[in-house]
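*Asks:* Provided herewith: upload30.txt, compact mmCIF, C-alpha atoms.
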```
# COMPACT_ATOMS: atom_id res chain seq x y z
CA MET A 1 109.68 -48.42 105.12
CA VAL A 2 108.47 -48.56 108.73
CA THR A 3 107.89 -44.80 108.57
CA ASN A 4 105.84 -45.24 105.42
CA LEU A 5 103.77 -47.99 107.00
CA SER A 6 103.10 -45.80 110.03
CA ILE A 7 101.96 -42.99 107.73
CA LEU A 8 99.78 -45.50 105.89
CA VAL A 9 98.02 -46.68 109.05
CA LEU A 10 97.59 -43.18 110.50
CA ALA A 11 96.22 -41.86 107.21
CA GLY A 12 93.71 -44.70 107.26
CA PHE A 13 92.39 -43.59 110.63
CA VAL A 14 92.29 -39.96 109.48
CA GLY A 15 90.22 -41.00 106.48
CA TYR A 16 87.83 -42.88 108.72
CA ALA A 17 87.56 -40.00 111.19
CA VAL A 18 86.98 -37.29 108.57
CA ILE A 19 84.00 -39.10 107.02
CA SER A 20 82.28 -40.01 110.26
CA LYS A 21 78.79 -38.94 109.30
CA VAL A 22 77.64 -37.72 105.91
CA PRO A 23 74.12 -36.69 104.92
CA ASN A 24 72.68 -38.94 102.21
CA THR A 25 72.46 -36.12 99.69
CA LEU A 26 76.22 -35.68 99.83
CA HIS A 27 77.10 -39.33 99.20
CA THR A 28 77.59 -38.98 95.45
CA PRO A 29 79.55 -35.68 95.56
CA LEU A 30 81.75 -37.07 98.32
CA MET A 31 82.42 -40.21 96.32
CA SER A 32 83.30 -38.01 93.36
CA GLY A 33 85.54 -35.80 95.50
CA THR A 34 87.50 -38.69 96.96
CA ASN A 35 87.68 -40.11 93.43
CA ALA A 36 89.40 -36.92 92.30
CA ILE A 37 91.85 -37.12 95.21
CA HIS A 38 93.08 -40.59 94.29
CA GLY A 39 93.90 -39.12 90.91
CA ILE A 40 97.09 -38.25 92.75
CA VAL A 41 98.46 -41.44 91.17
CA VAL A 42 99.36 -39.10 88.31
CA LEU A 43 102.34 -38.22 90.53
CA GLY A 44 103.57 -41.81 90.26
CA GLY A 45 103.89 -41.52 86.48
CA ILE A 46 105.41 -38.04 86.70
CA ILE A 47 107.98 -39.12 89.31
CA ILE A 48 109.32 -41.97 87.20
CA LEU A 49 109.41 -39.80 84.06
CA VAL A 50 111.00 -36.82 85.79
CA GLN A 51 113.80 -38.94 87.23
CA GLY A 52 114.60 -40.20 83.76
CA ALA A 53 114.20 -43.78 84.99
CA ALA A 54 112.60 -46.48 82.85
CA PRO A 55 114.21 -45.89 79.44
CA GLY A 56 112.81 -47.54 76.34
CA PHE A 57 109.89 -46.74 74.10
CA LEU A 58 107.32 -49.09 75.65
CA ASN A 59 108.08 -47.92 79.20
CA LYS A 60 107.71 -44.28 78.20
CA LEU A 61 104.54 -44.98 76.26
CA LEU A 62 103.01 -46.75 79.26
CA LEU A 63 104.03 -43.91 81.57
CA VAL A 64 102.58 -41.23 79.29
CA ILE A 65 99.31 -43.20 79.16
CA ALA A 66 99.43 -43.41 82.96
CA VAL A 67 99.91 -39.61 83.16
CA VAL A 68 97.02 -39.08 80.72
CA PHE A 69 94.80 -41.39 82.79
CA GLY A 70 95.82 -39.76 86.08
CA THR A 71 95.23 -36.26 84.68
CA ILE A 72 91.76 -37.23 83.44
CA ASN A 73 91.04 -38.61 86.90
CA VAL A 74 92.17 -35.41 88.66
CA VAL A 75 90.79 -32.74 86.31
CA GLY A 76 87.58 -34.55 85.47
CA GLY A 77 87.01 -35.62 89.07
CA PHE A 78 87.27 -32.15 90.58
CA LEU A 79 85.21 -30.52 87.80
CA VAL A 80 82.41 -33.07 88.03
CA THR A 81 82.30 -32.72 91.82
CA ASP A 82 82.16 -28.96 91.46
CA ARG A 83 79.25 -29.19 89.03
CA MET A 84 77.32 -31.54 91.32
CA LEU A 85 77.83 -29.21 94.26
CA GLU A 86 76.92 -26.10 92.28
CA MET A 87 73.55 -27.68 91.56
CA PHE A 88 73.25 -28.47 95.24
CA LYS A 89 74.01 -24.88 96.19
CA GLY A 90 71.58 -23.48 93.61
CA GLY A 91 68.79 -25.61 95.05
CA ARG A 92 69.53 -24.42 98.54
CA GLY A 93 69.63 -20.80 97.42
CA ARG A 94 66.09 -20.95 96.11
CA GLY A 95 64.41 -22.76 98.91
CA GLN A 96 66.37 -23.06 102.08
CA ALA A 97 69.09 -20.45 102.16
CA ASP A 98 68.37 -19.78 105.80
CA VAL A 99 68.96 -23.31 107.00
CA GLU A 100 71.91 -22.56 109.20
CA ALA A 101 73.99 -25.53 110.23
CA GLY A 102 73.85 -29.27 110.45
CA PRO A 103 73.35 -31.88 107.79
CA SER A 104 70.11 -31.33 105.92
CA GLU A 105 68.40 -34.42 104.60
CA ASP A 106 65.96 -32.61 102.36
CA GLY A 107 68.25 -30.91 99.86
CA PRO A 108 67.86 -31.74 96.20
CA LYS A 109 69.39 -35.05 95.15
CA ALA A 110 72.84 -34.56 93.76
CA MET B 1 120.98 -19.93 92.17
CA ILE B 2 120.40 -20.08 95.91
CA VAL B 3 116.67 -19.92 95.24
CA ALA B 4 116.94 -22.67 92.64
CA SER B 5 118.77 -25.04 94.96
CA PHE B 6 116.33 -24.21 97.76
CA VAL B 7 113.16 -25.05 95.82
CA THR B 8 114.65 -28.26 94.44
CA ASP B 9 115.73 -29.41 97.91
CA SER B 10 114.06 -32.67 98.88
CA ASN B 11 113.05 -31.23 102.28
CA PHE B 12 111.24 -28.36 100.58
CA ARG B 13 109.41 -30.90 98.44
CA ALA B 14 108.51 -32.88 101.55
CA VAL B 15 107.07 -29.73 103.16
CA LEU B 16 104.98 -29.02 100.06
CA TYR B 17 103.66 -32.60 100.22
CA ILE B 18 102.64 -32.02 103.83
CA VAL B 19 100.86 -28.80 102.82
CA SER B 20 99.19 -30.73 100.03
CA PHE B 21 97.79 -33.58 102.11
CA GLY B 22 96.82 -31.10 104.82
CA LEU B 23 94.69 -29.39 102.18
CA PHE B 24 93.25 -32.77 101.12
CA ILE B 25 92.17 -33.59 104.67
CA TYR B 26 90.76 -30.11 105.28
CA GLY B 27 88.98 -30.12 101.93
CA LEU B 28 87.56 -33.57 102.52
CA SER B 29 86.18 -32.60 105.92
CA GLY B 30 84.50 -29.66 104.15
CA LEU B 31 82.95 -32.05 101.63
CA THR B 32 80.97 -33.76 104.38
CA GLY B 33 78.80 -30.70 105.11
CA PRO B 34 76.30 -29.12 102.69
CA LYS B 35 77.41 -25.55 103.39
CA THR B 36 81.15 -26.16 103.12
CA ALA B 37 81.17 -28.74 100.34
CA VAL B 38 81.91 -26.45 97.36
CA ARG B 39 84.78 -24.79 99.17
CA GLY B 40 86.05 -28.18 100.40
CA ASN B 41 86.28 -29.52 96.88
CA ARG B 42 88.18 -26.43 95.71
CA ILE B 43 90.57 -26.63 98.66
CA ALA B 44 91.31 -30.25 97.79
CA SER B 45 91.98 -29.28 94.16
CA VAL B 46 94.47 -26.65 95.34
CA GLY B 47 96.15 -29.42 97.35
CA MET B 48 96.43 -31.44 94.16
CA ALA B 49 98.02 -28.53 92.30
CA VAL B 50 100.56 -28.09 95.12
CA ALA B 51 101.45 -31.80 95.01
CA ILE B 52 101.97 -31.79 91.23
CA VAL B 53 104.12 -28.65 91.30
CA ALA B 54 106.17 -30.11 94.17
CA THR B 55 106.82 -33.27 92.16
CA LEU B 56 108.27 -31.22 89.31
CA LEU B 57 110.70 -29.42 91.64
CA VAL B 58 113.66 -31.74 91.16
CA PRO B 59 117.17 -30.59 90.24
CA HIS B 60 117.36 -32.30 86.84
CA LEU B 61 114.11 -32.61 84.97
CA SER B 62 113.88 -35.37 82.40
CA ASN B 63 111.15 -36.09 79.88
CA VAL B 64 109.50 -32.69 80.42
CA VAL B 65 107.93 -32.80 76.97
CA LEU B 66 106.38 -36.21 77.61
CA ILE B 67 104.90 -35.02 80.91
CA ILE B 68 103.47 -31.88 79.29
CA VAL B 69 102.01 -33.98 76.47
CA GLY B 70 100.46 -36.42 78.96
CA VAL B 71 98.94 -33.69 81.12
CA ALA B 72 97.71 -31.78 78.05
CA ILE B 73 95.99 -34.82 76.55
CA GLY B 74 94.48 -35.73 79.93
CA THR B 75 93.16 -32.18 80.36
CA ALA B 76 91.85 -32.05 76.79
CA VAL B 77 89.90 -35.25 77.41
CA GLY B 78 88.85 -34.70 81.03
CA VAL B 79 87.62 -31.09 80.93
CA PRO B 80 85.07 -31.39 78.09
CA ALA B 81 83.93 -34.77 79.44
CA ALA B 82 83.28 -33.26 82.87
CA ARG B 83 81.70 -30.08 81.47
CA GLN B 84 79.31 -31.69 79.03
CA VAL B 85 78.07 -34.68 80.98
CA LYS B 86 74.40 -34.49 81.93
CA MET B 87 73.51 -34.42 85.61
CA THR B 88 71.75 -37.77 85.31
CA GLN B 89 74.91 -39.31 83.88
CA MET B 90 77.15 -38.21 86.76
CA PRO B 91 77.51 -41.65 88.41
CA GLN B 92 78.88 -43.31 85.28
CA MET B 93 81.22 -40.37 84.71
CA VAL B 94 82.60 -40.88 88.21
CA ALA B 95 82.99 -44.58 87.39
CA LEU B 96 84.97 -43.72 84.26
CA PHE B 97 87.25 -41.26 86.07
CA ASN B 98 87.77 -43.81 88.84
CA GLY B 99 88.61 -46.46 86.26
CA VAL B 100 91.34 -44.44 84.55
CA GLY B 101 92.88 -43.81 87.99
CA GLY B 102 93.03 -47.56 88.58
CA GLY B 103 94.44 -48.02 85.09
CA ALA B 104 97.20 -45.52 85.83
CA VAL B 105 98.11 -47.48 88.99
CA ALA B 106 98.31 -50.75 87.07
CA LEU B 107 100.43 -49.22 84.29
CA ILE B 108 102.84 -47.66 86.79
CA ALA B 109 103.29 -51.02 88.53
CA TRP B 110 103.95 -52.68 85.16
CA VAL B 111 106.60 -50.09 84.26
CA GLU B 112 108.22 -50.48 87.68
CA PHE B 113 108.43 -54.22 87.04
CA ARG B 114 110.01 -53.71 83.62
CA ASP B 115 112.38 -51.00 84.83
CA SER B 116 113.74 -53.02 87.77
CA GLY B 117 114.20 -56.26 85.82
CA GLY B 118 111.23 -57.89 87.53
CA PHE B 119 111.89 -56.24 90.92
CA ALA B 120 115.33 -57.87 90.92
CA ASP B 121 117.23 -54.97 92.44
CA VAL B 122 114.64 -53.55 94.85
CA PRO B 123 113.64 -54.49 98.42
CA THR B 124 111.02 -57.23 98.74
CA TYR B 125 108.41 -54.89 100.19
CA VAL B 126 108.49 -52.79 97.01
CA ALA B 127 107.66 -55.91 94.98
CA ILE B 128 104.82 -56.82 97.38
CA PHE B 129 103.22 -53.36 97.33
CA SER B 130 103.64 -53.04 93.58
CA CYS B 131 101.98 -56.40 92.92
CA PHE B 132 99.13 -55.44 95.26
CA ALA B 133 98.75 -52.13 93.40
CA ALA B 134 98.81 -53.90 90.03
CA ILE B 135 96.07 -56.38 91.01
CA VAL B 136 93.77 -53.85 92.66
CA GLY B 137 94.40 -51.21 89.98
CA SER B 138 93.54 -53.63 87.20
CA VAL B 139 90.37 -54.86 88.98
CA SER B 140 89.32 -51.25 89.50
CA PHE B 141 90.00 -50.22 85.89
CA TRP B 142 88.00 -53.04 84.31
CA GLY B 143 85.30 -53.09 86.97
CA SER B 144 84.73 -49.35 86.58
CA ASN B 145 84.56 -49.64 82.81
CA VAL B 146 81.87 -52.31 83.11
CA ALA B 147 80.00 -50.13 85.61
CA PHE B 148 80.21 -47.23 83.16
CA ALA B 149 79.01 -49.39 80.26
CA LYS B 150 76.06 -50.65 82.30
CA LEU B 151 74.91 -47.22 83.48
CA GLN B 152 75.43 -45.74 80.02
CA GLU B 153 73.40 -48.67 78.71
CA LEU B 154 76.13 -49.72 76.31
CA ILE B 155 75.43 -53.15 77.76
CA THR B 156 72.28 -54.21 79.55
CA GLY B 157 71.82 -52.93 83.09
CA LYS B 158 70.40 -56.27 84.11
CA PRO B 159 72.60 -58.72 86.01
CA ILE B 160 74.72 -60.88 83.70
CA SER B 161 76.05 -64.10 85.21
CA PRO B 162 78.14 -65.99 82.67
CA PHE B 163 78.96 -68.74 85.17
CA GLY B 164 75.68 -68.84 87.06
CA PRO B 165 76.00 -70.10 90.64
CA ALA B 166 79.70 -70.90 90.12
CA GLN B 167 80.42 -67.19 89.60
CA ALA B 168 81.95 -66.64 93.03
CA LEU B 169 84.11 -69.74 92.60
CA VAL B 170 85.40 -68.60 89.19
CA ASN B 171 86.16 -65.13 90.58
CA GLY B 172 88.00 -66.71 93.50
CA LEU B 173 90.07 -68.93 91.19
CA LEU B 174 91.01 -66.01 88.93
CA LEU B 175 91.98 -63.92 91.93
CA ALA B 176 94.08 -66.86 93.16
CA VAL B 177 95.85 -66.94 89.77
CA ALA B 178 96.62 -63.20 90.04
CA VAL B 179 97.90 -63.60 93.60
CA ALA B 180 99.97 -66.66 92.61
CA CYS B 181 101.63 -64.64 89.81
CA GLY B 182 102.33 -61.90 92.36
CA ALA B 183 103.74 -64.42 94.84
CA ALA B 184 106.05 -65.87 92.17
CA ILE B 185 107.30 -62.35 91.36
CA VAL B 186 107.90 -61.56 95.03
CA ALA B 187 109.67 -64.91 95.44
CA GLY B 188 112.17 -63.79 92.81
CA SER B 189 110.93 -64.85 89.39
CA HIS B 190 111.57 -62.17 86.77
CA HIS B 191 109.62 -63.37 83.72
CA GLU B 192 107.49 -60.59 82.28
CA ILE B 193 104.74 -63.11 81.51
CA LEU B 194 104.04 -63.20 85.28
CA ILE B 195 103.14 -59.51 85.59
CA ILE B 196 101.11 -59.70 82.39
CA GLY B 197 99.33 -62.80 83.68
CA LEU B 198 98.67 -60.97 86.94
CA LEU B 199 97.20 -57.96 85.14
CA VAL B 200 95.05 -60.11 82.84
CA ALA B 201 93.72 -62.33 85.64
CA ALA B 202 92.90 -59.24 87.70
CA ALA B 203 91.22 -57.68 84.64
CA LEU B 204 88.96 -60.74 84.32
CA VAL B 205 88.13 -60.51 88.03
CA GLY B 206 87.18 -56.86 87.56
CA ASN B 207 84.88 -57.67 84.65
CA LEU B 208 83.27 -60.73 86.22
CA LEU B 209 82.82 -58.99 89.57
CA VAL B 210 80.69 -56.17 88.15
CA LEU B 211 78.84 -57.93 85.29
CA PRO B 212 76.46 -59.83 87.64
CA ILE B 213 75.48 -56.64 89.49
CA GLY B 214 72.34 -54.78 88.49
CA GLY B 215 72.26 -51.11 87.53
CA ALA B 216 70.46 -49.93 90.66
CA ASP B 217 73.27 -51.16 92.88
CA MET B 218 75.97 -49.48 90.78
CA PRO B 219 76.59 -46.48 93.06
CA VAL B 220 77.63 -48.85 95.85
CA VAL B 221 79.87 -50.74 93.41
CA ILE B 222 81.47 -47.55 92.10
CA SER B 223 82.10 -46.43 95.67
CA THR B 224 83.73 -49.79 96.45
CA LEU B 225 85.97 -49.55 93.38
CA ASN B 226 86.76 -45.96 94.35
CA ALA B 227 88.03 -47.17 97.72
CA PHE B 228 90.01 -49.92 95.92
CA THR B 229 91.73 -47.38 93.68
CA GLY B 230 92.60 -45.31 96.76
CA LEU B 231 94.23 -48.32 98.41
CA SER B 232 96.16 -49.16 95.26
CA ALA B 233 97.36 -45.55 95.02
CA ALA B 234 98.58 -45.79 98.62
CA ALA B 235 100.43 -49.02 97.79
CA THR B 236 102.05 -47.27 94.81
CA GLY B 237 103.09 -44.54 97.24
CA VAL B 238 104.84 -47.06 99.51
CA ALA B 239 106.58 -48.64 96.50
CA LEU B 240 107.74 -45.24 95.19
CA ASN B 241 108.44 -43.87 98.69
CA ASN B 242 106.16 -40.88 98.15
CA THR B 243 104.34 -39.48 101.19
CA ALA B 244 101.70 -37.53 99.27
CA LEU B 245 100.61 -40.67 97.42
CA ILE B 246 100.49 -42.74 100.61
CA VAL B 247 98.41 -40.25 102.58
CA ALA B 248 96.02 -39.23 99.79
CA GLY B 249 95.54 -42.81 98.63
CA MET B 250 94.96 -44.19 102.11
CA ILE B 251 92.53 -41.41 103.07
CA VAL B 252 90.48 -42.26 100.00
CA GLY B 253 90.78 -45.98 100.76
CA ALA B 254 89.52 -45.56 104.32
CA SER B 255 86.90 -42.87 103.74
CA GLY B 256 85.74 -44.68 100.60
CA THR B 257 85.17 -47.89 102.55
CA LEU B 258 83.17 -46.05 105.20
CA LEU B 259 81.23 -44.16 102.53
CA THR B 260 80.42 -47.43 100.77
CA GLN B 261 78.99 -48.78 104.02
CA GLN B 262 76.88 -45.67 104.54
CA MET B 263 75.59 -45.77 100.96
CA ALA B 264 74.71 -49.44 101.28
CA VAL B 265 72.82 -48.77 104.52
CA ALA B 266 70.99 -45.83 102.92
CA MET B 267 69.88 -48.15 100.10
CA ASN B 268 68.89 -50.97 102.49
CA ARG B 269 71.61 -53.24 101.18
CA THR B 270 74.69 -54.81 102.64
CA ILE B 271 77.98 -54.70 100.78
CA PRO B 272 78.30 -58.52 100.50
CA SER B 273 74.76 -58.79 99.11
CA VAL B 274 75.57 -56.16 96.49
CA LEU B 275 78.88 -57.71 95.46
CA LEU B 276 77.72 -61.32 95.48
CA GLY B 277 74.09 -61.09 94.47
CA GLY B 278 72.45 -60.26 91.17
CA PHE B 279 69.97 -57.75 92.61
CA GLY B 280 68.88 -54.40 91.33
CA GLY B 281 67.88 -55.15 87.77
CA GLU B 282 66.60 -51.70 86.91
CA VAL B 283 68.79 -48.81 85.96
CA THR B 284 67.95 -45.75 87.99
CA ALA B 285 69.64 -42.39 88.21
CA ALA B 286 71.32 -42.28 91.59
```
Using the file provided, produce a representation of the structure as structure tokens.
*Replies:*
Amino acid sequence: MVTNLSILVLAGFVGYAVISKVPNTLHTPLMSGTNAIHGIVVLGGIIILVQGAAPGFLNKLLLVIAVVFGTINVVGGFLVTDRMLEMFKGGRGRGQADVEAGPSEDGPKA
Amino acid sequence: MIVASFVTDSNFRAVLYIVSFGLFIYGLSGLTGPKTAVRGNRIASVGMAVAIVATLLVPHLSNVVLIIVGVAIGTAVGVPAARQVKMTQMPQMVALFNGVGGGAVALIAWVEFRDSGGFADVPTYVAIFSCFAAIVGSVSFWGSNVAFAKLQELITGKPISPFGPAQALVNGLLLAVAVACGAAIVAGSHHEILIIGLLVAAALVGNLLVLPIGGADMPVVISTLNAFTGLSAAATGVALNNTALIVAGMIVGASGTLLTQQMAVAMNRTIPSVLLGGFGGEVTAA
């Protein structure tokens, strides 16, 4: 448990450090991307099912719904993020393909 | 046979989880730059695939059909929804996807409660983290659904305040009810009515928290709920002793909180003013 708590705290700092500064245009795609990542809760449902724990119809029904929900979160989340970013990339390609590095504030709104 | 016992070894699974959250962190750092964002998102999705495959690598698989059915239905719903949504409707789609994630967390906590006889035969910390996950997951599910309904204009985008100035007080009382149910469970009470009461009270909090918020402020709200779901996923990870869940959930919880702050600043708002005030009456595409 102490190990898990340490991982929890360290992961929190990693999350903070990774997202130190984000250009405004990327706020929505980033929100969508992190949204897809927490779809990892689908693992929770799969773990309990795979271990054969929680017998009984209602338990299994709830777990299958949880897996459905988690899968929608993962699949939908990553696809939607990809679509947002594709639009972003297309806009850059037309107008500002030669902007080299650094956050650009003038890209099309995603 | 040697290969089979190797891939189902718990250490091998642990290594795959490390690979998976490494990919999440690398992908997420890519998502913060315009040039690397597309690749970053795809790297993170590979990480997700690794984590799911790793979870299935156990010596004796049970309920395979149920898992396949669940994943198939989820894919059948999620893919067309994500493909067909219009660009202007993206924020509410994110809200919906965030909501189902929170719903999954709440359901898992409920099943854990039922399966362990009300957390009778598990360490206290498992009960604490599960109750936390159940409350936050339920708030996130219902709050996200309201956010979706508002942006989709299923209900008015204008602020709705059923309790007027007493709104914050009512929310606080309902949250106190949810926490009290959780405390009773942790203290050793095993009645199922407690976990149901907890989920229902948290559901009301989720609804009442988002109803008074106007459509224009919704992106900040969705981002807040996104961070909430991340935290609840991390709590589920502690309860289930699963590293991938802890790391991925907590990264989303932390980065989501920071992102919410940045979004609020970019919109000239503060997070408390968004969550407590009835500003932003007009629905705008964010």
*Asks:* Can you pull out the residues contacting Ala168 (chain B)? Cut-off 12 Å, using only C-alpha atoms, and skip same-chain residues under 4 positions away; I want them as a ChimeraX atom specification.
*Replies:* /B:161-164,172-175,205,208-210,212,272,275-278
*Asks:* Report, in Å to a single decimal, how far apart CA of Leu107 (chain B) and CA of Gly188 (chain B) are.
*Replies:*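 A separation of 20.6 Å between them.
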*Asks:* Give me, as a ChimeraX atom specification, all polymer residues having an atom no more than 9 Å from Leu62 (chain A), counting only C-alpha atoms and skipping those fewer than 6 positions away in the same chain.
*Replies:* /A:45 /B:104,107-108,110-111
*Asks:* Work out how far CA of Ala82 (chain B) is from CA of Gly70 (chain B), in Å to one decimal.
*Replies:*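 Separating CA of Gly70 (chain B) from CA of Ala82 (chain B) is a distance of 17.9 Å.
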*Asks:* Go ahead and find all residues with at least one atom no further than 8 Å from (100.1, -40.7, 77.3) in the file's coordinates, using only C-alpha atoms; report them as a CSV table (one decimal) with C-alpha atoms, keeping the file's coordinate frame.
*Replies:*
```
chain,number,residue,atom,x,y,z
A,61,LEU,CA,104.5,-45.0,76.3
A,62,LEU,CA,103.0,-46.8,79.3
A,63,LEU,CA,104.0,-43.9,81.6
A,64,VAL,CA,102.6,-41.2,79.3
A,65,ILE,CA,99.3,-43.2,79.2
A,66,ALA,CA,99.4,-43.4,83.0
A,67,VAL,CA,99.9,-39.6,83.2
A,68,VAL,CA,97.0,-39.1,80.7
A,69,PHE,CA,94.8,-41.4,82.8
B,66,LEU,CA,106.4,-36.2,77.6
B,69,VAL,CA,102.0,-34.0,76.5
B,70,GLY,CA,100.5,-36.4,79.0
B,73,ILE,CA,96.0,-34.8,76.6
B,74,GLY,CA,94.5,-35.7,79.9
```
*Asks:* Per residue of chain A within 7 Å of chain B, what are the shortest atom pair and its distance in Å to one decimal, counting only C-alpha atoms, with rows by chain and residue number, as a Markdown table?
*Replies:*
```
| residue | atom | partner | partner_atom | distance |
| --- | --- | --- | --- | --- |
| A:Asn4 | CA | B:Val238 | CA | 6.3 |
| A:Ile7 | CA | B:Val247 | CA | 6.8 |
| A:Leu8 | CA | B:Ile246 | CA | 6.0 |
| A:Ala11 | CA | B:Val247 | CA | 5.4 |
| A:Gly12 | CA | B:Ala254 | CA | 5.2 |
| A:Val14 | CA | B:Ile251 | CA | 6.6 |
| A:Gly15 | CA | B:Ile251 | CA | 4.1 |
| A:Tyr16 | CA | B:Ser255 | CA | 5.1 |
| A:Val18 | CA | B:Ser29 | CA | 5.4 |
| A:Ile19 | CA | B:Ser255 | CA | 5.8 |
| A:Val22 | CA | B:Thr32 | CA | 5.4 |
| A:Leu26 | CA | B:Thr32 | CA | 6.9 |
| A:His27 | CA | B:Met263 | CA | 6.8 |
| A:Leu30 | CA | B:Leu31 | CA | 6.1 |
| A:Met31 | CA | B:Ser223 | CA | 6.3 |
| A:Ser32 | CA | B:Val94 | CA | 5.9 |
| A:Gly33 | CA | B:Asn41 | CA | 6.5 |
| A:Thr34 | CA | B:Val252 | CA | 5.6 |
| A:Asn35 | CA | B:Asn98 | CA | 5.9 |
| A:Ile37 | CA | B:Ala248 | CA | 6.5 |
| A:His38 | CA | B:Gly230 | CA | 5.3 |
| A:Gly39 | CA | B:Gly101 | CA | 5.6 |
| A:Ile40 | CA | B:Leu245 | CA | 6.3 |
| A:Val41 | CA | B:Ala233 | CA | 5.7 |
| A:Leu43 | CA | B:Ile52 | CA | 6.5 |
| A:Gly44 | CA | B:Ile108 | CA | 6.8 |
| A:Gly45 | CA | B:Ile108 | CA | 6.2 |
| A:Ile46 | CA | B:Ile67 | CA | 6.6 |
| A:Ile47 | CA | B:Thr55 | CA | 6.6 |
| A:Leu49 | CA | B:Asn63 | CA | 5.9 |
| A:Val50 | CA | B:Ser62 | CA | 4.7 |
| A:Gln51 | CA | B:Ser62 | CA | 6.0 |
| A:Gly52 | CA | B:Ser62 | CA | 5.1 |
| A:Ala54 | CA | B:Asp115 | CA | 4.9 |
| A:Asn59 | CA | B:Val111 | CA | 5.7 |
| A:Leu62 | CA | B:Leu107 | CA | 6.2 |
| A:Leu63 | CA | B:Ile108 | CA | 6.5 |
| A:Val64 | CA | B:Gly70 | CA | 5.3 |
| A:Ile65 | CA | B:Gly70 | CA | 6.9 |
| A:Ala66 | CA | B:Ala104 | CA | 4.2 |
| A:Val67 | CA | B:Gly70 | CA | 5.3 |
| A:Val68 | CA | B:Gly74 | CA | 4.3 |
| A:Phe69 | CA | B:Val100 | CA | 4.9 |
| A:Gly70 | CA | B:Gly101 | CA | 5.4 |
| A:Thr71 | CA | B:Gly74 | CA | 4.8 |
| A:Ile72 | CA | B:Gly78 | CA | 4.5 |
| A:Asn73 | CA | B:Phe97 | CA | 4.7 |
| A:Val75 | CA | B:Gly78 | CA | 6.0 |
| A:Gly76 | CA | B:Gly78 | CA | 4.6 |
| A:Gly77 | CA | B:Phe97 | CA | 6.4 |
| A:Phe78 | CA | B:Ser45 | CA | 6.6 |
| A:Leu79 | CA | B:Ala82 | CA | 6.0 |
| A:Val80 | CA | B:Ala82 | CA | 5.2 |
| A:Asp82 | CA | B:Val38 | CA | 6.4 |
| A:Leu85 | CA | B:Val38 | CA | 5.8 |
| A:Pro103 | CA | B:Gly33 | CA | 6.2 |
```
*Asks:* Choose the residue, out of B:Ile160, B:Ile43, B:Met218, B:Val136, that has the smallest atom-to-atom separation from Leu199 (chain B); count only C-alpha atoms.
*Replies:*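 When distances to Leu199 (chain B) are compared using only C-alpha atoms, the smallest one comes from B:Val136.
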*Asks:* In Å, how far is it from CA of Ala134 (chain B) to CA of Ile155 (chain B)?
*Replies:*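 Going from CA of Ala134 (chain B) over to CA of Ile155 (chain B), I get 26.4 Å.
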*Asks:* When distances are computed from all atoms listed in the file, which of B:Val19, B:Ala133, B:Ala127, B:Leu151 shows the smallest separation from Val221 (chain B)?
*Replies:* B:Leu151
*Asks:* My list of candidates is A:Ala36, A:Val2, A:Leu10, A:Ala17. Which is closest to Thr81 (chain A) when distances are computed with only C-alpha atoms?
*Replies:*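 Of all the options, A:Ala36 lies closest to Thr81 (chain A).
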*Asks:* First collect every listed atom of region 231-241 of chain B; then fit an axis-aligned box around them, widen it by 4 Å on each side, and give centre and edge lengths in Å to one decimal, as lines of an AutoDock Vina configuration file.
*Replies:*
```
center_x = 101.3
center_y = -46.5
center_z = 97.2
size_x = 22.2
size_y = 13.3
size_z = 12.7
```
